[in-house]
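Visitor: Mind looking over this structure? Questions follow.
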Amino acid sequence: MIALLLPVLIASVHAEDAPTTDDPRLWMEDVEGEAALEWVRARNAETQGAYADEPAFKDIEARILAALDSDARIPYVSEMDGQLYNFWKDSDHPQGVWRRTTWDSYRSDSPEWEVIINLDALSEEENQRWVWHGADCLRPAFDRCMVELSPGGSDASVIREFDLNTQTFVADGFVLPEAKSEVSWIDEDHLWVGTDFGEGSLTDSGYARTARVWTRGTALSEAILGFEGEKTDVWAGAWHDDTPGEDREFAGRAVTFFTDQLFENIGGEWVKIDKPDHTEAKVKGRYIYFEPREDWEIGGVTHKAGSLLVANYKMWKKGRHKPSVLFTPTETTSLAGWTTTETQLVLEILDDVRSRVEVMHIRGRGMGKDRRPIEGLPELGKISVWAVEPHESNDLWVQLTDYLTPSSLGIIEWGGTPEVLKQSPAFFDASNRTVTQHFATSKDGTRIPYFEVAPAEVPEGGVPTLLYGYGGFEVSLLPGYSAHAGIGWIEQGGVYVVANIRGGGEYGPRWHQAALKENRNKAYEDFAAVGEDLVKRGVTTTEQLGIMGGSNGGLLMGNMYTTYPDHWSAIVCAVPLLDMRRYTKLLAGASWAGEYGDPDDPAQWAYLKQYSPYHNMNASQDHPPILFTTSTKDDRVHPGHARKMAELARSMGKNVSYFENIEGGHGGAANNTQQAFMRTLAYRFLWRQLTGTAPEPFVVETPDTEAPADTPQP
């Protein structure tokens, strides 16, 4: 998915007056320090007491939890060795179970599942609240798996070898202690491992810098160094290509979040694949695929950023650079994704943020000649496709969803149309609701699309409206059925709006790059323009308009709070980046310098400080009520961002609510019960603020501007 406390009498906080070492709230960055957690518990109690005891809260929370736990939900599966595997949470299994079934059983209305790992039982047995992070199983037998389990939901995991035949963890098998680790099977007795091997083994971003070969029966510390990147890289690692018939080892360096280098081990030497760092490359079978993030000139031909190219991999390594073009973006189209099956290539394309899917055979330089669309797909919704078994089948999974239609899961065979296998039930009343797409005009004249879910007829004077946004890291916000948004907001009578602002990927790399670093203000101007357009069109009023976003979207919310406070009447700011002076020093923050900039560079701090909410608070300015939410276990975006910003705003007498989940990682919740509570809290906070039914704000009569006595500073 980021300061300085001054007395309330001083109108604002300026970056020049706030060197990072003088921040008196550094004690709040001590994630599990007693002083910080005592402050968290006090804020949690205030917020829970104000919002969670009302009947409407309890009703919505119960309905969202019932939807999350419902047996009628679609069990999404992956195939291994002819069987279908699924991870599932419900009321009987709040931590979840990893289970499997057969194809015939899955096609039935009530599949019979064999439980492989019961995380609730394992958590009780080991006295640790395990959260599932996935499993990587060794091809072709798929009988040995490296299972990732996170304590409490953080990104860091414990990785343990599991035997699918005996359904037990392997005694004296491969085990990695808690860390942000990555593993890849080489064969039954060897793994590629990237983890914390001690001093110098991690990047500045906290990810693996080295990849080592670990042999069964030896200590992890004896793993042999195979590849290493630079300390300034975001990440470096190596992996084995398990494509049938191939025996290749690859390695990569993520130089920044958006640039990388790819290597193949040839004859014991790492040979760099010829490509620009701005271009992502993937080797699949006989071919290498390229996605340039900037325009790329090859042999006198310029390929636009956002294109998809393909070449014969052996010929490419010999210097015969003659790629075929599979996709070229236009002013309105972008490539949302692509996948390969045994003999076909599938493209997911957006045209003004509307989905379509095209399929073609993989046929060398003739690839793309037989391209055809998949028919029978919705116009104003999201279409996702992925391979059932990419090496041995041409079958495709396809998910269809939109804001008001429950999601469906189907399968597509070559030349066919989707066969629906599973259909989610409706979890909220969508009658008399419509989905429309609109375009606002940003400050510089750019068209900004947004989706709107509203009553068929909006009454004069408008209705409470929730505007959601993200705008970063080339992430696209596409239509999707959301039970919690439907129950907590749409069914209550509110309008639900999603803004496709710059910084996202809705129009490919150019849309993202338009709001990078010194241009970040473009994303904020776009979001403000959508809010203005909603008021202009009569959908809502400023008094009835609330906004919400998380992570990078939390940074968006922070800037809406400090820069456009008169546009909204309530804000939910979730797992946010807010202190852009120190964000690179906190957890994974250094990895995002390619998105935001480096605050240690004076030239970059000059623009970063303009959108660092923690440095732009103004005590004399009116700000709307705001709810900050985060997670103690979030080891991606540091909870100190939300803590410090909330306390700064409180010290200025602002209307601030705060809730920090003790578990949950960057997602904010470790199980369905926690997720239901967090979702309900956000919706009820907004609804009560926008309808004039909010509780009295928390008042700080005597702000505590200093760290508690004897509090260690990070």
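In the structure tokens, chains take letters A, B, ... by order of appearance, with residues numbered from 1 within each chain and ligands from 1 in the order shown.
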Could you pull the residues within 10 Å of Thr243 (chain A), counting only C-alpha atoms, minus those fewer than 6 positions along the same chain, as a list in words?

Guide: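 With the cut-off at 10 Å, the set is Arg139, Pro140, Lys284, Gly285, Pro390 and His391 of chain A.
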
Visitor: Pick from A:Leu578, A:Leu37, A:Ala121, A:Ala440: nearest to Arg537 (chain A), with only C-alpha atoms counted?

Guide: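 Comparing A:Leu578, A:Leu37, A:Ala121, A:Ala440 against Arg537 (chain A), the winner is A:Ala440.
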
Visitor: At a cut-off of 10 Å, using only C-alpha atoms, what residues contact Val357 (chain A)? Leave out same-chain residues fewer than 3 positions from it and give the result as a list in words.

Guide: Ala336, Gly337, Trp338, Val346, Leu347, Glu348, Ile349, Leu350, Arg372, Pro373, Ile374, Glu375, Leu377, Ile383, Ser384 and Val385 of chain A

Visitor: Which one of A:Tyr468, A:Tyr289, A:Phe527, A:Phe428 sits closest to Thr441 (chain A) if you count only C-alpha atoms?

Guide: A:Phe527

Visitor: Can you tell me how far CA of Gln128 (chain A) sits from CA of Glu178 (chain A), in Å to one decimal?

Guide: 12.5 Å

Visitor: Can you work out which one of A:Gly480, A:Leu534, A:Val453, A:Ala593 has the shortest atom-to-atom distance to Pro378 (chain A), counting only C-alpha atoms?

Guide: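 Among A:Gly480, A:Leu534, A:Val453, A:Ala593, it is A:Gly480 that comes nearest to Pro378 (chain A).
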
Visitor: Go through A:Lys282, A:Arg63, A:His512, A:Lys644 and flag the residue nearest Phe677 (chain A), using only C-alpha atoms for the distances.

Guide: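 Of all the options, A:Arg63 lies closest to Phe677 (chain A).
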
Visitor: Counting only C-alpha atoms, what is within 12 Å of Thr302 (chain A), bar same-chain residues fewer than 6 positions away, as a ChimeraX atom specification?

Guide: /A:292,294-296,309,323,325,328

Visitor: So that I can check the surroundings of region 395-408 of chain A, please list as a PyMOL selection string every protein, DNA and RNA residue that reaches within 8 Å of it, counting only C-alpha atoms and ignoring chain neighbours fewer than 2 positions away.

Guide: chain A and resi 74+341+377-378+380-389+393+410-414+418+420-426+430+433-435+453+479-482

Visitor: Near region 100-114 of chain A, within 10 Å and counting only C-alpha atoms, which residues show up once chain neighbours fewer than 6 positions away are dropped, as a PyMOL selection string?

Guide: chain A and resi 71-72+75+77-80+82-87+420-422

Visitor: Can I get the selection written as a JSON list (two decimals), in the first residue's frame, with N, CA and C atoms?

Guide:
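For reference, selection_21.json as written:
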```
[["chain", "number", "residue", "atom", "x", "y", "z"],
["A", 71, "ASP", "N", -22.57, -20.15, 4.16],
["A", 71, "ASP", "CA", -22.20, -21.35, 3.40],
["A", 71, "ASP", "C", -22.55, -21.22, 1.93],
["A", 72, "ALA", "N", -23.38, -20.22, 1.59],
["A", 72, "ALA", "CA", -23.81, -20.05, 0.20],
["A", 72, "ALA", "C", -22.82, -19.22, -0.61],
["A", 75, "PRO", "N", -17.14, -20.88, -3.09],
["A", 75, "PRO", "CA", -15.83, -21.39, -2.66],
["A", 75, "PRO", "C", -14.86, -21.37, -3.85],
["A", 77, "VAL", "N", -11.57, -21.93, -5.91],
["A", 77, "VAL", "CA", -10.69, -23.09, -5.82],
["A", 77, "VAL", "C", -9.51, -22.96, -6.77],
["A", 78, "SER", "N", -8.48, -23.75, -6.51],
["A", 78, "SER", "CA", -7.37, -23.94, -7.43],
["A", 78, "SER", "C", -7.15, -25.44, -7.60],
["A", 79, "GLU", "N", -6.73, -25.82, -8.81],
["A", 79, "GLU", "CA", -6.58, -27.24, -9.10],
["A", 79, "GLU", "C", -5.15, -27.69, -8.87],
["A", 80, "MET", "N", -5.01, -28.85, -8.23],
["A", 80, "MET", "CA", -3.72, -29.52, -8.10],
["A", 80, "MET", "C", -3.95, -31.02, -8.27],
["A", 82, "GLY", "N", -5.63, -32.77, -10.27],
["A", 82, "GLY", "CA", -6.99, -33.21, -10.52],
["A", 82, "GLY", "C", -7.97, -32.95, -9.40],
["A", 83, "GLN", "N", -7.52, -32.40, -8.27],
["A", 83, "GLN", "CA", -8.42, -32.07, -7.18],
["A", 83, "GLN", "C", -8.46, -30.56, -6.98],
["A", 84, "LEU", "N", -9.54, -30.09, -6.37],
["A", 84, "LEU", "CA", -9.77, -28.67, -6.20],
["A", 84, "LEU", "C", -9.60, -28.28, -4.74],
["A", 85, "TYR", "N", -8.74, -27.28, -4.49],
["A", 85, "TYR", "CA", -8.41, -26.86, -3.13],
["A", 85, "TYR", "C", -9.00, -25.48, -2.86],
["A", 86, "ASN", "N", -9.41, -25.28, -1.59],
["A", 86, "ASN", "CA", -10.07, -24.04, -1.20],
["A", 86, "ASN", "C", -9.72, -23.72, 0.25],
["A", 87, "PHE", "N", -9.56, -22.42, 0.53],
["A", 87, "PHE", "CA", -9.44, -22.01, 1.93],
["A", 87, "PHE", "C", -10.73, -21.32, 2.32],
["A", 420, "VAL", "N", -21.84, -21.37, -15.99],
["A", 420, "VAL", "CA", -21.86, -20.97, -14.59],
["A", 420, "VAL", "C", -21.88, -22.21, -13.70],
["A", 421, "LEU", "N", -20.90, -22.25, -12.78],
["A", 421, "LEU", "CA", -20.83, -23.36, -11.83],
["A", 421, "LEU", "C", -21.33, -22.96, -10.44],
["A", 422, "LYS", "N", -21.04, -21.72, -10.05],
["A", 422, "LYS", "CA", -21.44, -21.25, -8.73],
["A", 422, "LYS", "C", -21.98, -19.84, -8.83]]
```

Visitor: Write out as a list in words which residues come within 6 Å of region 200-216 of chain A when counting only C-alpha atoms, dropping same-chain ones fewer than 3 positions away.

Guide: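 In the requested form, the answer reads Asp189, His190, Leu191, Trp192, Val193, Gly194, Thr195, Asp196, Phe197, Ala223, Ile224, Leu225, Gly226, Phe227, Glu228, Gly229, Lys231, Thr232, Val234, Trp235, Ala236, Gly237, Ala238, Ala588, Ala590 and Ser591 of chain A.
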
Visitor: Pick the closest to Glu161 (chain A) from A:Ala67, A:Leu176, A:Val359, A:Cys145: which is it, counting only C-alpha atoms?

Guide: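 For Glu161 (chain A), the nearest of the candidates is A:Cys145.
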
Visitor: Restricting the calculation to only C-alpha atoms, which member of A:Val535, A:Ala305, A:Ile273, A:Ala311 is positioned closest to Glu331 (chain A)?

Guide: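 Result for the nearest residue to Glu331 (chain A): A:Ala305.
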
Visitor: When DSSP is applied to the backbone of this structure, which of region 413-500 of chain A are assigned strand (DSSP E)? Write them out as a ChimeraX atom specification.

Guide: /A:419-423,433-441,447-455,465-468,495-499

Visitor: Please produce a file of the residues just selected, as a compact mmCIF listing (two decimals), in the first residue's frame, where the atoms kept are N, CA, C and O atoms.

Guide:
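Dumped everything to part30.txt:
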```
# COMPACT_ATOMS: atom_id res chain seq x y z
N GLU A 419 -19.87 -21.26 -18.69
CA GLU A 419 -20.80 -22.19 -18.03
C GLU A 419 -20.75 -21.88 -16.54
O GLU A 419 -19.72 -22.05 -15.89
N VAL A 420 -21.84 -21.37 -15.99
CA VAL A 420 -21.86 -20.97 -14.59
C VAL A 420 -21.88 -22.21 -13.70
O VAL A 420 -22.74 -23.08 -13.84
N LEU A 421 -20.90 -22.25 -12.78
CA LEU A 421 -20.83 -23.36 -11.83
C LEU A 421 -21.33 -22.96 -10.44
O LEU A 421 -21.94 -23.77 -9.75
N LYS A 422 -21.04 -21.72 -10.05
CA LYS A 422 -21.44 -21.25 -8.73
C LYS A 422 -21.98 -19.84 -8.83
O LYS A 422 -21.50 -19.02 -9.60
N GLN A 423 -22.99 -19.56 -8.01
CA GLN A 423 -23.61 -18.24 -7.98
C GLN A 423 -23.77 -17.81 -6.53
O GLN A 423 -24.36 -18.52 -5.72
N ARG A 433 -32.39 0.22 -7.33
CA ARG A 433 -31.05 0.80 -7.38
C ARG A 433 -30.52 0.66 -8.80
O ARG A 433 -30.79 -0.33 -9.49
N THR A 434 -29.74 1.63 -9.23
CA THR A 434 -29.16 1.59 -10.57
C THR A 434 -27.66 1.87 -10.47
O THR A 434 -27.19 2.55 -9.55
N VAL A 435 -26.92 1.35 -11.45
CA VAL A 435 -25.49 1.63 -11.56
C VAL A 435 -25.26 2.45 -12.82
O VAL A 435 -25.69 2.06 -13.91
N THR A 436 -24.60 3.58 -12.68
CA THR A 436 -24.31 4.43 -13.82
C THR A 436 -22.84 4.86 -13.77
O THR A 436 -22.21 4.82 -12.71
N GLN A 437 -22.33 5.26 -14.91
CA GLN A 437 -20.97 5.79 -14.97
C GLN A 437 -21.03 7.25 -15.40
O GLN A 437 -21.80 7.62 -16.30
N HIS A 438 -20.21 8.06 -14.76
CA HIS A 438 -20.18 9.49 -15.04
C HIS A 438 -18.73 9.95 -15.17
O HIS A 438 -17.80 9.22 -14.81
N PHE A 439 -18.54 11.17 -15.65
CA PHE A 439 -17.21 11.74 -15.79
C PHE A 439 -17.21 13.15 -15.21
O PHE A 439 -18.03 13.99 -15.58
N ALA A 440 -16.29 13.37 -14.27
CA ALA A 440 -16.07 14.72 -13.74
C ALA A 440 -14.91 15.36 -14.50
O ALA A 440 -14.13 14.68 -15.15
N THR A 441 -14.79 16.66 -14.40
CA THR A 441 -13.69 17.38 -15.03
C THR A 441 -12.76 17.90 -13.95
O THR A 441 -13.15 18.71 -13.10
N ARG A 447 -10.75 14.29 -17.96
CA ARG A 447 -12.00 13.56 -17.65
C ARG A 447 -11.69 12.49 -16.61
O ARG A 447 -10.82 11.63 -16.81
N ILE A 448 -12.46 12.49 -15.51
CA ILE A 448 -12.26 11.52 -14.43
C ILE A 448 -13.51 10.67 -14.31
O ILE A 448 -14.57 11.15 -13.90
N PRO A 449 -13.42 9.38 -14.66
CA PRO A 449 -14.60 8.52 -14.57
C PRO A 449 -14.92 8.14 -13.13
O PRO A 449 -14.03 8.09 -12.28
N TYR A 450 -16.19 7.94 -12.89
CA TYR A 450 -16.58 7.37 -11.59
C TYR A 450 -17.89 6.58 -11.75
O TYR A 450 -18.72 6.87 -12.62
N PHE A 451 -18.01 5.55 -10.92
CA PHE A 451 -19.21 4.72 -10.89
C PHE A 451 -20.10 5.18 -9.73
O PHE A 451 -19.61 5.52 -8.65
N GLU A 452 -21.41 5.13 -9.97
CA GLU A 452 -22.37 5.58 -8.97
C GLU A 452 -23.47 4.54 -8.80
O GLU A 452 -24.09 4.12 -9.79
N VAL A 453 -23.69 4.10 -7.57
CA VAL A 453 -24.81 3.22 -7.24
C VAL A 453 -25.79 4.06 -6.44
O VAL A 453 -25.47 4.52 -5.34
N ALA A 454 -26.99 4.26 -6.99
CA ALA A 454 -27.92 5.21 -6.40
C ALA A 454 -29.35 4.72 -6.55
O ALA A 454 -29.64 3.83 -7.37
N PRO A 455 -30.27 5.29 -5.76
CA PRO A 455 -31.69 5.01 -6.01
C PRO A 455 -32.07 5.40 -7.43
O PRO A 455 -31.46 6.31 -8.02
N THR A 465 -24.10 10.30 0.86
CA THR A 465 -23.29 9.70 -0.21
C THR A 465 -21.91 9.37 0.31
O THR A 465 -21.27 10.19 0.98
N LEU A 466 -21.46 8.17 -0.01
CA LEU A 466 -20.12 7.72 0.33
C LEU A 466 -19.28 7.66 -0.94
O LEU A 466 -19.60 6.93 -1.88
N LEU A 467 -18.20 8.43 -0.97
CA LEU A 467 -17.28 8.46 -2.10
C LEU A 467 -15.99 7.76 -1.69
O LEU A 467 -15.35 8.13 -0.71
N TYR A 468 -15.62 6.74 -2.46
CA TYR A 468 -14.44 5.92 -2.14
C TYR A 468 -13.36 6.14 -3.20
O TYR A 468 -13.66 6.28 -4.39
N VAL A 495 -26.06 6.68 -1.35
CA VAL A 495 -25.44 6.55 -2.66
C VAL A 495 -23.99 6.12 -2.45
O VAL A 495 -23.28 6.66 -1.58
N TYR A 496 -23.54 5.17 -3.25
CA TYR A 496 -22.18 4.64 -3.14
C TYR A 496 -21.44 4.97 -4.43
O TYR A 496 -21.91 4.64 -5.53
N VAL A 497 -20.29 5.63 -4.32
CA VAL A 497 -19.56 6.13 -5.48
C VAL A 497 -18.10 5.69 -5.40
O VAL A 497 -17.48 5.76 -4.33
N VAL A 498 -17.56 5.25 -6.53
CA VAL A 498 -16.15 4.86 -6.63
C VAL A 498 -15.49 5.72 -7.70
O VAL A 498 -15.92 5.73 -8.85
N ALA A 499 -14.44 6.43 -7.31
CA ALA A 499 -13.76 7.36 -8.22
C ALA A 499 -12.52 6.70 -8.82
O ALA A 499 -11.70 6.15 -8.10
```

Visitor: Between CA of Trp185 (chain A) and CA of Gly152 (chain A), what distance in Å does the model show, to one decimal?

Guide: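 So the answer is 26.1 Å.
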
Visitor: Could you please determine the separation between CA of Ala570 (chain A) and CA of Glu457 (chain A) in Å, to one decimal place?

Guide: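 Separation of CA of Ala570 (chain A) and CA of Glu457 (chain A): 24.1 Å.
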